[in-house]
Each structure stands twice: as structure tokens, then as C-alpha cells.
Amino acid sequence: MTEELNRLFKTDINVVSELNERFGNQVILYNQSTKDDTVTIWIDKNNLIPVLSYLKSEMILPFNLLYDLTAIDERTRKNCNDQPASDFTVVYHLTSFDRNEDIRLKVALNTNNLHIPSATSVWESANWYEREVFDMFGIIFDGHPRLTRILMPKSWDGHPLRKDHYARATEQDPFVLTELMRDTEDTELTFKPEDYGLETSADDSDFMFLNVGPQHPGTHGLLRLVLQLHGEDIVNIIPDIGFHHRGAEKMGERQTWHTFIPYTDRIDYLGGVMNNLAYLLSVEKLAGITVPDRANVIRIMMSELFRISSHLVWLGTFAQDMGQMSPVFYAFNDRERIFDIVGAITGGRMHPSWFRIGGVAHDLPDGWEKLVQNFVDYFPKRLKEFENSIIKNRIFKARTVGIGVYTTAEAIDWGITGSGLRATGYDWDYRKKRPYSGFENFEFDIPLGKNGDCYDRALVRMEEMRQSLRIVQQCINNMPAGEYKSDHPLAIPPRKDKTMVDIETLINHFVGVSWGPVIPAGEAMVPIEAAKGSNGYYLISDGSSQSYRSRIRTPSFPHMQMLPLISKGYTIPDLLAILGAMDFVLADLDR
Amino acid sequence: MKFVFIILGVLLIPLSIAAGLIWVERRLLSVWQDRLGPNRVGPFGLFQVIADTIKLFFKEDWVPPFSDRPVFVMAPGILMITILLTFSVIPFGPGFLVFDSNIGILFFLGNSSLGVYSIVLGGWASNNKYSLIGAMRASAQMLTYEVFMGLSLMGVVMMADSFSFNSIVLAQKHGWFIFPQFVGFIVFFIAGLAETHRLPFDIPEAEGELGAGYHSEYSGMKFGMFFVGEYLGITLISAIMATLFFGGWLGPAFLPPVFWFLFKTMVLICVFILLRASLPRPRYDQLMEFGWKILLPLALLNLLITGAVLIFFK
């Protein structure tokens, strides 16, 4: 039904004309063309909220997912003469599942007046995104319920992603921690319930406020959750994030396009080369590089192996959160087998940084088929064992069935993607719906859940491992011959064989190796289906050897934002189940 | 003189088993989990226990300034004392027991109820929210499981016509009580797990949720006492199960009775460790529900049927 409607609408109506029809021709100030062909329109900030709510709920086949919300400091940007004058641009990236289409809304702001209405009235999930933009750019969202810093410490001076903020600590005087500063920082960490509008007592008793984290075995990293407890029942949760913030986006602006690749590995540090892929797809879109088939299949094979390895870590730690002690060792042993393959092919393990602009770093080594085939033959048996010892265990079921439930509508409203969305029964997988790197040539199924609880999330991920194995098997059977890297002049590192015979190639080689590739000006983002949800790099080039803005949209960020909603009314042990089933990585959350 | 040897034996055997268990458990777990475990110190890593003990002794004896000092110091001691006292009524062999109490089982039940004070007081005195939650969970868990722990043993008592451990062993000359009292055994085994807070019933210290639960603030030898206390508890419950359901020191004559008693105890201890390696942890309300709704009626039913059968055959 929706597919048909979709086709119907695609032919004669597009979102631009719908907006014009609804709001008049003046609403769209400028229709920008981008390299990824996403509709990108500039609107006035006074029209923002009506347009957003129209796009979200009033129109037919709405854009109901707030995929990303970020900003750009445009003040030093070159090669963008045709776009409206703006010092800071706030970008709203919306996705319509029904249309299978994205739209990007941009609002120009002037330095004298960095105020913009908050979108939290339309999407509650805009809350954290707006706090991040405030934190990083100092843009004030009017009407936001609690506009405070989110990633940086409260005492931070300045807004890091502004172009006039330093990128390296060495650009500053040596840091000295005075006693006064230490005391201030300490006091700031004290939790004051009044700041969050939380009651300290109910009719019959006082609430207990319990700090879970930053150091806690259940949070899988540096994450602080302040629990408001009534007995052991959770009344509310205030997540405090940012302990793992490393400024990856800022680094993206100072590394060359090529040297940023290793940083991407460390965003979702369990996803390995899958992060490279998300980044490189956007770079290649900007540069207009077509990747050879062999490189594509190699990329898919490695990404799917990493999906299995990421899911294995999730499975082991989830079981451990449920008090089951042994599975984590079995899962890590099997993950080690994957790393043996990864090591043989790439030379790295967790962070191989092995994909390159235009392809991959090397060709596959001799005998790779046997290595991978051995794993593909071995693993289904182990999956069966995992299923029997964990998934079918009655205590495990009792701990996860009916816990942390959310519906499809809630999931979309809060920006949930990946297995968390599919566990509610909604069929959306970027590999199927927007095939990249040649996923359209592979046969695999998308497992769906029904109830959207922790147990279904586990079931979906278990089945995903099986499907990934299927994909890997197809890669072994049908690995195309040919080049492993594109001949495009911007593919880095450039191939050297022709440099000594052809002056043009020599020049490209020289420039590519000494400066790094100069990517043509433009904007692009290609969302991919990463292990934890949808990952996308919104890259802006102003025609230099570095990115002008690297926005990293990670799945863990919106997923964690939803935590208070899905944990209220449950108990502390349930919180562990919910966190475990969410499958987040702190580095992916804080970047 | 003989009496001194018996007392020393009853004191030292459980203590060395408990200490040795630290190594046994770590090695067994690692075998089941496809890894090596401690194998560096001494042959097969056997001296790991000594290394650990030395480490614990030389750690700073730290009492947190915000704690309730006397109670904080006392709590781990209570655990050790109540468990070690109970060993005095358990026969390690014919005549190898400290005193043959005619209310041995009641003495054991009483002591194990006292043991919970150690945890509740330790958690309370730590003045730490995690410890407090752990202590509250422990007391709820104990209340539930004490009830049918006692009830589950009454079948054995009826069949042996005595509360004395020694008489119960002798009553099993013609057959272990595990067979007629299988239900009682299962209920007692589960209650014993809960009593010793072993996985899947380690809810008071659930490390994934509460850090270390009631002993979060403990370190050095005070922590060591909780730690060894847990192993002593396992040894105790296993010894009691061996005595009440598996004929205690009874066994073929080619080996001394003490061997049979210790052998049965060790096998049961290994079952405890195997359970830890394999099961997840239920939520505490599920644990309570399981106790009150399933185990308690089961224990009562067992009591009823045992009584009826005994009266019928008399």
C-alpha cells in the first residue's frame, strides 16, 4: 500500500512543491543542490516550527524521523557563494520511511542573534541534539526545556566546534589545575534534583538518588545515570553523558580526508571498518568516485564480519548483565576467530582502518577463502549453542520478555534505528532500502521482532548474525576479479604503477601523497546500516584537502536519549537488561 | 588430647577447603569457560591461594570515615563465627565431631539465621547506597528462604526420628535419604544456594548492578572474611547435604569414613560451581515469587506426604 502510494507521489509530487503549496512560494528561500541529491532547502527561522510540524505529522507520507540535527559555522567557508548569507546554519535532517527519502532543512543565523525556536515541541528527541548544538556552537534554542551543556564540562569556556575555537591543547598555554578549579568541578558534579525539576519525596517516603556510573560495571564504559528511586523502582533517570567525548568532529576539520580514516574506527569501536565505510561512502560521493566491484565485495565482507563480531560482544556482555558468567568468554573466543581473519587480511584487529578512498588498502591475501570459509562453516554450530544456553534459558527469558517495551511509533519518534527499530516489527534496513556498496546483489533476509522488548531485540540480533554469515558466504562464492582500488585521481593512496610513464598520474600522485586529496566543494551524507543502528557522516567540503565540517551521526546518541522513557517504572535489575539490550558504545555516544 | 585434635580437625578442615576452593573454583570455571585460569604460582597455580592471602593480609586495613566503625568491623566476624560454629555439630566421621547435639539441625538453622546479620549490618554500617540496597535484598531473600529451608529438612528428621546429625547418618545405613526425600533435597539445595548468595541467587551482591553489593566498602582482610565466608558457606551447605541426604561418612570400608564424607562434600561443591558457570541471575522479585509460590508449597507437600507415608507404615 505505502509502496504504491510512494510511487504515485514520486511521479508527480515532490516535497518542494508540497511545501510551496502549503506555505506559499516564499517559504523556501533557497533550494540548494548537494552531491547526495538530498533535497536541501533553506527556510526562515520564523517558519521553522510550522514547517517541521507539517513535515512530521500533517503531510501525507510524512518525514517522521528526525535523523539528525546539527549546525555549521559558515564564517570561514569558501566556495559557497550561491547560498544565502549565514554565520551559523542549523541543519535539520529528516527521513521519511514511507517515501524512502530524506530532506535537509537549513536555517541561517547571524552572529548578533543566535536564537532559534526549539524543535522539542515537535520532536522530543530534538532535546539532546539541540543541547549538543548549544554546547558546540553556542546557538540558543528558545523554548528548550533545559538548555545546558551536554558533552563538554559545565565549566568549559567557549564552544568547541566554532571555527575560532582551538583544536589542539598545544595551541593554548599549559593546563594547570588549581585547587579552586578542582573544588568547583567537584561541586558541579553533585547532583541537585531541583535542577532537573525532580521531586525529592513522594507522599509516604523520600526518594533515593543513586549514581550509576561513571564507573560502574553495568554501564559498559564512562556513563553516568542518576536514578531517582522509590525502593528499587525507577521513578526517573537522568543520563549524564560526555565523559568519552574526544572531539572527533573537530578532529575531522584538521585531518586530511585520508588521515581521518583511523579516527572513524574509534567512533563505534566495536564496528571496526564499518565506520570507515560510512565515512568513505560520503567522501566518495563528494569526489564522484566509483568503487570497483571487487573493492565493494571486499568491503561488504569485512563489514559483515565486523557486524558479527560487534554482535558477539553485545551478546556476551548482555548475558553477563543478566548474571550469566560464561557466555562472555565463549563470545569473545569466537570474536577472536574473526579477528584472526581480520588480522590475516588487514594486519589490524579491532581498528584496522583498512578501507581507503576509492577502495581498500590491499588486495586479499592468498588463501583468504579458506580462512573465511572455515569460520562460516564453524560458526552456525556455535550460534545454535548460544541460542540454547542464553536465548532459550528460562531465567534469561524471565528477565527480558516484556522489559523496556516501546512501539514502532515511539521508536521512530525518538530516532531509533537498527535492530532496536526492527524489534518493534518495522521493516527498515538501509542495506535493503537504500543499498550501498552493492548490497542489492546479495540475498539475505531482514529479521523482525514483534513486541519491541529486550527479548525481541536479542532475537533480532541473533538472526542478524546468521544473515551476515549468508552474506559472507556469498562474498566467498562470488568474489569478482579486478582492481581493489579505483583509478580515480582522488583515490588515496594513488596507485603508483603508472606514475613513471604518465605525467598526469605523477602530478596526482604527488599532490595526493603530499597534501592529501583535494575533494571538490559540496555536501554529502550516505547513511549506512551499522551494527548498532544507522551511522552517517555529513561531510562538507569547501574545496580543500580537509573537511570543512564533519558531522558524525551515530545511533547510540538517540538510543541513549530514549532510556528514561523506556526504563521508568522498572527496577534496577531491569535497567541493566534495558541497557544491555540497547547495545550502545560510549565512544559512539559521545564521539 | 583426642578432643583437641577433633576440634582442630573440625576447625582446620573446613577452613582449608574454603581457602582451597578459591583455587578450585577459579580453575574449574576457567576449564568450563575455555580459558586457563590461575596457573602461574606453584604447580598448577596451587599457591595462588597463598599469594592471595598474603596480598589480603598486607592491604591497608581501611575503614571508611563515613561508616559506623564498630558495626563495620564486627560484621564480617559474625559471618565467620556463625558458620564455623555450625561445623561443630557435623560428624566428619564416626566419633569425629565436636559435640553430638540432639538438636543439631535446629542449631544449624539458628546459626544460618544469625548469619544474615553479618550482611545486613555490614551493608548498613558501610553507609553506601549500593551496600544498603544489597543488604536490604539480602534480608528479604533470607526471610523468604529460611522458611522452607527448615521445612525441607523436616522430612529427613521424621524419617530418622532425630534432630541429631549423627543419628541421621546412622539412619541411612540401609539407603540414602536422597531417594525418599528427593523433593526435600531439591528444595534444600535451592535454599542453600540462596543462603550462600551464590549465582543464580547472588542478588545481594549482583556485581553487574550493585558493584559488589553489601561488601562494596570492604577491603583487605575484612573483605577476605566475607570472601572466605562465602566459600565456608558453600562448604557448610555441601557438608550438610552430604550428611543429610547422601549418608554422610558412610561408604565402602576400603577407605576411611572421613574420606567419604569429604569426597561427597567436594562433589556437591563442584555442583555449586557448575551452577555459577551456567545460570543467569533472576530478578529479586522473581526469586521471592519462586520461593513463596513454588518452593514453599512444595516443601509443605513433601512434609505432608512423608508424614502420611510414615504413619501408614507404622
# chains A, B, ... in the order shown; residues from 1 in each chain; ligands from 1

call {"tool": "closest_atom_pairs", "arguments": {"of": "segment 469-568 of chain A", "to": "segment 234-239 of chain A", "cutoff": "12 Å", "atoms": "only C-alpha atoms", "output": "CSV"}}
result
residue,atom,partner,partner_atom,distance
A:Phe557,CA,A:Pro239,CA,11.2
A:Pro558,CA,A:Pro239,CA,12.0
A:His559,CA,A:Pro239,CA,11.6
A:Met560,CA,A:Pro239,CA,7.9
A:Gln561,CA,A:Pro239,CA,7.7
A:Met562,CA,A:Pro239,CA,9.8
A:Leu563,CA,A:Ile237,CA,7.7
A:Pro564,CA,A:Ile237,CA,5.1
A:Leu565,CA,A:Asn236,CA,8.4
A:Ile566,CA,A:Ile237,CA,10.0
A:Ser567,CA,A:Ile234,CA,7.1
A:Lys568,CA,A:Ile234,CA,5.5

call {"tool": "write_last_selection", "arguments": {"atoms": "C-alpha atoms", "output": "compact mmCIF listing (two decimals), in the first residue's frame"}}
result
# COMPACT_ATOMS: atom_id res chain seq x y z
CA PHE A 557 23.12 9.02 20.84
CA PRO A 558 19.36 8.91 20.19
CA HIS A 559 19.13 5.41 21.65
CA MET A 560 20.51 6.59 24.98
CA GLN A 561 18.25 9.61 24.93
CA MET A 562 15.28 7.28 24.98
CA LEU A 563 16.50 5.46 28.11
CA PRO A 564 14.44 7.41 30.70
CA LEU A 565 11.26 6.82 28.71
CA ILE A 566 11.67 3.05 28.47
CA SER A 567 13.04 2.46 31.99
CA LYS A 568 10.53 4.34 34.10

call {"tool": "interface_residues", "arguments": {"of": "chain B", "to": "chain A", "cutoff": "7 Å", "atoms": "only C-alpha atoms", "output": "number ranges by chain"}}
result
B: 33, 208-209, 211, 277-283

call {"tool": "atom_distance", "arguments": {"atom1": "atom CA of Thr256 of chain A", "atom2": "atom CA of Gln546 of chain A"}}
result
4.5 Å

call {"tool": "closest_residue", "arguments": {"among": "A:Lys498, A:Arg431, A:Arg182, A:Arg299", "to": "Leu280 of chain A", "atoms": "only C-alpha atoms"}}
result
A:Arg299

call {"tool": "atom_distance", "arguments": {"atom1": "atom CA of His165 of chain A", "atom2": "atom CA of Gly138 of chain A"}}
result
11.7 Å

call {"tool": "closest_residue", "arguments": {"among": "A:Pro365, A:Ala287, A:Gly348, A:Phe306", "to": "Pro489 of chain A", "atoms": "only C-alpha atoms"}}
result
A:Ala287

call {"tool": "select_by_dssp", "arguments": {"residues": "segment 131-259 of chain A", "states": "helix (DSSP H, G or I)", "output": "ChimeraX atom specification"}}
result
/A:131-137,169-171,179-189,193-196,217-219,248-252

call {"tool": "select_by_dssp", "arguments": {"residues": "segment 222-389 of chain A", "states": "strand (DSSP E)", "output": "list in words"}}
result
Arg224, Leu225, Val226, Leu227, Gln228, Leu229, His230, Asp233, Ile234, Val235, Asn236, Ile237, Ile238, Pro239, Asp240, Phe355, Arg356, Gly359 and Val360 of chain A

call {"tool": "residues_around", "arguments": {"residues": "Glu230 of chain B", "least_positions_apart": "2", "cutoff": "12 Å", "atoms": "only C-alpha atoms", "output": "PyMOL selection string"}}
result
chain B and resi 14-15+17-19+21-22+76+79-80+83-84+115+118-119+192-199+202+205+215+223-228+232-237+269+272

call {"tool": "residues_around", "arguments": {"residues": "segment 303-310 of chain B", "least_positions_apart": "2", "cutoff": "10 Å", "atoms": "only C-alpha atoms", "output": "short mmCIF file (atom, residue, chain, number, x, y, z; two decimals) with N, CA and C atoms, in the first residue's frame"}}
result
data_model
loop_
_atom_site.label_atom_id
_atom_site.label_comp_id
_atom_site.auth_asym_id
_atom_site.auth_seq_id
_atom_site.Cartn_x
_atom_site.Cartn_y
_atom_site.Cartn_z
N LEU B 151 11.72 -26.23 56.65
CA LEU B 151 10.65 -27.18 56.33
C LEU B 151 11.16 -28.33 55.47
N SER B 152 12.08 -28.03 54.55
CA SER B 152 12.54 -29.06 53.63
C SER B 152 13.30 -30.15 54.37
N LEU B 153 13.86 -29.82 55.55
CA LEU B 153 14.63 -30.82 56.27
C LEU B 153 13.76 -31.68 57.18
N MET B 154 12.50 -31.26 57.37
CA MET B 154 11.67 -31.98 58.35
C MET B 154 11.34 -33.39 57.90
N GLY B 155 11.32 -33.63 56.60
CA GLY B 155 11.09 -34.98 56.10
C GLY B 155 12.18 -35.91 56.58
N VAL B 156 13.42 -35.43 56.45
CA VAL B 156 14.57 -36.22 56.90
C VAL B 156 14.47 -36.47 58.40
N MET B 158 11.85 -36.58 60.25
CA MET B 158 10.80 -37.56 60.55
C MET B 158 11.27 -38.97 60.27
N MET B 159 11.98 -39.13 59.16
CA MET B 159 12.40 -40.48 58.80
C MET B 159 13.47 -40.99 59.75
N PRO B 180 14.13 -41.26 49.09
CA PRO B 180 12.77 -40.95 49.55
C PRO B 180 12.53 -39.44 49.69
N GLN B 181 13.59 -38.69 49.93
CA GLN B 181 13.42 -37.26 50.20
C GLN B 181 13.93 -36.39 49.05
N VAL B 183 12.46 -34.53 46.83
CA VAL B 183 11.89 -33.18 46.77
C VAL B 183 12.50 -32.30 47.86
N GLY B 184 12.61 -32.89 49.05
CA GLY B 184 13.22 -32.16 50.15
C GLY B 184 14.63 -31.73 49.81
N PRO B 297 5.09 -24.23 48.93
CA PRO B 297 4.08 -25.29 48.83
C PRO B 297 4.71 -26.66 48.61
N LEU B 298 5.80 -26.69 47.84
CA LEU B 298 6.46 -27.96 47.56
C LEU B 298 6.99 -28.56 48.87
N ALA B 299 7.63 -27.71 49.66
CA ALA B 299 8.20 -28.20 50.93
C ALA B 299 7.08 -28.70 51.84
N LEU B 300 5.96 -27.97 51.87
CA LEU B 300 4.83 -28.38 52.73
C LEU B 300 4.24 -29.71 52.26
N LEU B 301 4.13 -29.82 50.94
CA LEU B 301 3.58 -31.04 50.35
C LEU B 301 4.47 -32.23 50.70
N PHE B 312 1.41 -44.43 57.84
CA PHE B 312 0.79 -45.58 57.20
C PHE B 312 1.58 -46.85 57.46
N PHE B 313 2.91 -46.75 57.41
CA PHE B 313 3.73 -47.95 57.58
C PHE B 313 4.01 -48.29 59.03
N LYS B 314 3.67 -47.44 59.96
CA LYS B 314 4.00 -47.70 61.36
C LYS B 314 3.11 -48.75 61.97
#

call {"tool": "residues_around", "arguments": {"residues": "Val51 of chain A", "least_positions_apart": "4", "cutoff": "10 Å", "atoms": "only C-alpha atoms", "output": "list in words"}}
result
Leu19, Arg22, Phe23, Val27, Ile43, Asp44, Lys45, Asn46, Asn47, Leu55, Lys56, Glu58 and Leu105 of chain A

call {"tool": "write_last_selection", "arguments": {"atoms": "C-alpha atoms", "output": "PDB file, in the first residue's frame"}}
result
ATOM      1  CA  LEU A  19       5.746  22.818   0.806  1.00  0.00           C
ATOM      2  CA  ARG A  22       1.051  24.561   1.782  1.00  0.00           C
ATOM      3  CA  PHE A  23       3.061  27.631   2.811  1.00  0.00           C
ATOM      4  CA  VAL A  27       8.734  29.717   2.317  1.00  0.00           C
ATOM      5  CA  ILE A  43      13.901  28.469   5.305  1.00  0.00           C
ATOM      6  CA  ASP A  44      13.419  31.372   7.632  1.00  0.00           C
ATOM      7  CA  LYS A  45      13.579  30.643  11.340  1.00  0.00           C
ATOM      8  CA  ASN A  46      10.088  32.047  11.866  1.00  0.00           C
ATOM      9  CA  ASN A  47       8.713  29.386   9.557  1.00  0.00           C
ATOM     10  CA  LEU A  55       6.612  17.634   7.570  1.00  0.00           C
ATOM     11  CA  LYS A  56       6.342  15.452  10.617  1.00  0.00           C
ATOM     12  CA  GLU A  58       0.399  16.892   8.724  1.00  0.00           C
ATOM     13  CA  LEU A 105      16.262  21.945   6.231  1.00  0.00           C
TER      14      LEU A 105
END

call {"tool": "atom_distance", "arguments": {"atom1": "atom CA of Pro38 of chain B", "atom2": "atom CA of Tyr378 of chain A"}}
result
29.0 Å

call {"tool": "residues_around", "arguments": {"residues": "Gly45 of chain B", "least_positions_apart": "6", "cutoff": "9 Å", "atoms": "only C-alpha atoms", "output": "MDAnalysis selection string"}}
result
chainID B and resid 23 27 37:39

call {"tool": "residues_around", "arguments": {"residues": "Asp334 of chain A", "least_positions_apart": "3", "cutoff": "9 Å", "atoms": "only C-alpha atoms", "output": "compact mmCIF listing (two decimals) with N, CA and C atoms, in the first residue's frame"}}
result
# COMPACT_ATOMS: atom_id res chain seq x y z
N SER A 309 31.10 -9.67 14.74
CA SER A 309 31.96 -9.50 15.91
C SER A 309 31.37 -8.51 16.89
N LEU A 312 28.64 -10.21 18.71
CA LEU A 312 29.15 -11.17 19.69
C LEU A 312 29.50 -10.47 21.00
N PHE A 329 32.86 -15.29 27.70
CA PHE A 329 34.14 -15.89 27.28
C PHE A 329 33.98 -16.61 25.95
N TYR A 330 32.87 -17.34 25.82
CA TYR A 330 32.65 -18.03 24.55
C TYR A 330 32.55 -17.02 23.41
N ALA A 331 31.78 -15.95 23.66
CA ALA A 331 31.58 -14.96 22.61
C ALA A 331 32.91 -14.30 22.24
N ARG A 337 38.27 -15.45 16.71
CA ARG A 337 38.40 -16.13 15.42
C ARG A 337 38.18 -15.15 14.28
N ILE A 338 37.21 -14.24 14.47
CA ILE A 338 37.00 -13.24 13.43
C ILE A 338 38.24 -12.35 13.34
N PHE A 339 38.79 -11.99 14.48
CA PHE A 339 39.97 -11.12 14.44
C PHE A 339 41.16 -11.81 13.79
N PHE A 379 30.78 -21.38 12.50
CA PHE A 379 30.00 -20.51 13.38
C PHE A 379 28.54 -20.89 13.60
N ARG A 382 28.00 -22.82 16.69
CA ARG A 382 28.17 -22.02 17.91
C ARG A 382 26.93 -21.16 18.16

call {"tool": "closest_residue", "arguments": {"among": "B:Arg40, B:Leu114, B:Thr53, B:Leu287", "to": "Gly20 of chain B", "atoms": "only C-alpha atoms"}}
result
B:Thr53

call {"tool": "decode", "arguments": {"residues": "segment 130-170 of chain B", "atoms": "C-alpha atoms", "output": "short mmCIF file (atom, residue, chain, number, x, y, z; two decimals), in the first residue's frame"}}
result
data_model
loop_
_atom_site.label_atom_id
_atom_site.label_comp_id
_atom_site.auth_asym_id
_atom_site.auth_seq_id
_atom_site.Cartn_x
_atom_site.Cartn_y
_atom_site.Cartn_z
CA TYR B 130 24.79 0.24 46.91
CA SER B 131 25.66 -1.62 50.10
CA LEU B 132 22.34 -0.65 51.59
CA ILE B 133 20.39 -1.97 48.61
CA GLY B 134 22.43 -5.16 48.77
CA ALA B 135 21.73 -5.56 52.47
CA MET B 136 18.00 -4.96 52.03
CA ARG B 137 17.89 -7.54 49.28
CA ALA B 138 19.80 -9.99 51.44
CA SER B 139 17.39 -9.65 54.33
CA ALA B 140 14.36 -10.11 52.08
CA GLN B 141 15.96 -13.11 50.45
CA MET B 142 16.85 -14.66 53.81
CA LEU B 143 13.37 -14.17 55.22
CA THR B 144 11.93 -16.00 52.26
CA TYR B 145 14.37 -18.83 52.08
CA GLU B 146 14.75 -19.51 55.81
CA VAL B 147 11.13 -20.57 55.95
CA PHE B 148 11.28 -23.56 53.71
CA MET B 149 14.92 -24.31 54.32
CA GLY B 150 13.82 -25.58 57.70
CA LEU B 151 10.65 -27.18 56.33
CA SER B 152 12.54 -29.06 53.63
CA LEU B 153 14.63 -30.82 56.27
CA MET B 154 11.67 -31.98 58.35
CA GLY B 155 11.09 -34.98 56.10
CA VAL B 156 14.57 -36.22 56.90
CA VAL B 157 14.01 -35.53 60.58
CA MET B 158 10.80 -37.56 60.55
CA MET B 159 12.40 -40.48 58.80
CA ALA B 160 15.42 -40.52 61.10
CA ASP B 161 13.32 -39.67 64.13
CA SER B 162 16.04 -37.33 65.33
CA PHE B 163 17.45 -33.80 65.03
CA SER B 164 20.97 -35.08 65.61
CA PHE B 165 23.22 -35.20 62.56
CA ASN B 166 24.95 -38.28 63.88
CA SER B 167 21.72 -40.24 64.26
CA ILE B 168 20.59 -39.13 60.82
CA VAL B 169 23.79 -40.53 59.29
CA LEU B 170 23.31 -43.80 61.12
#
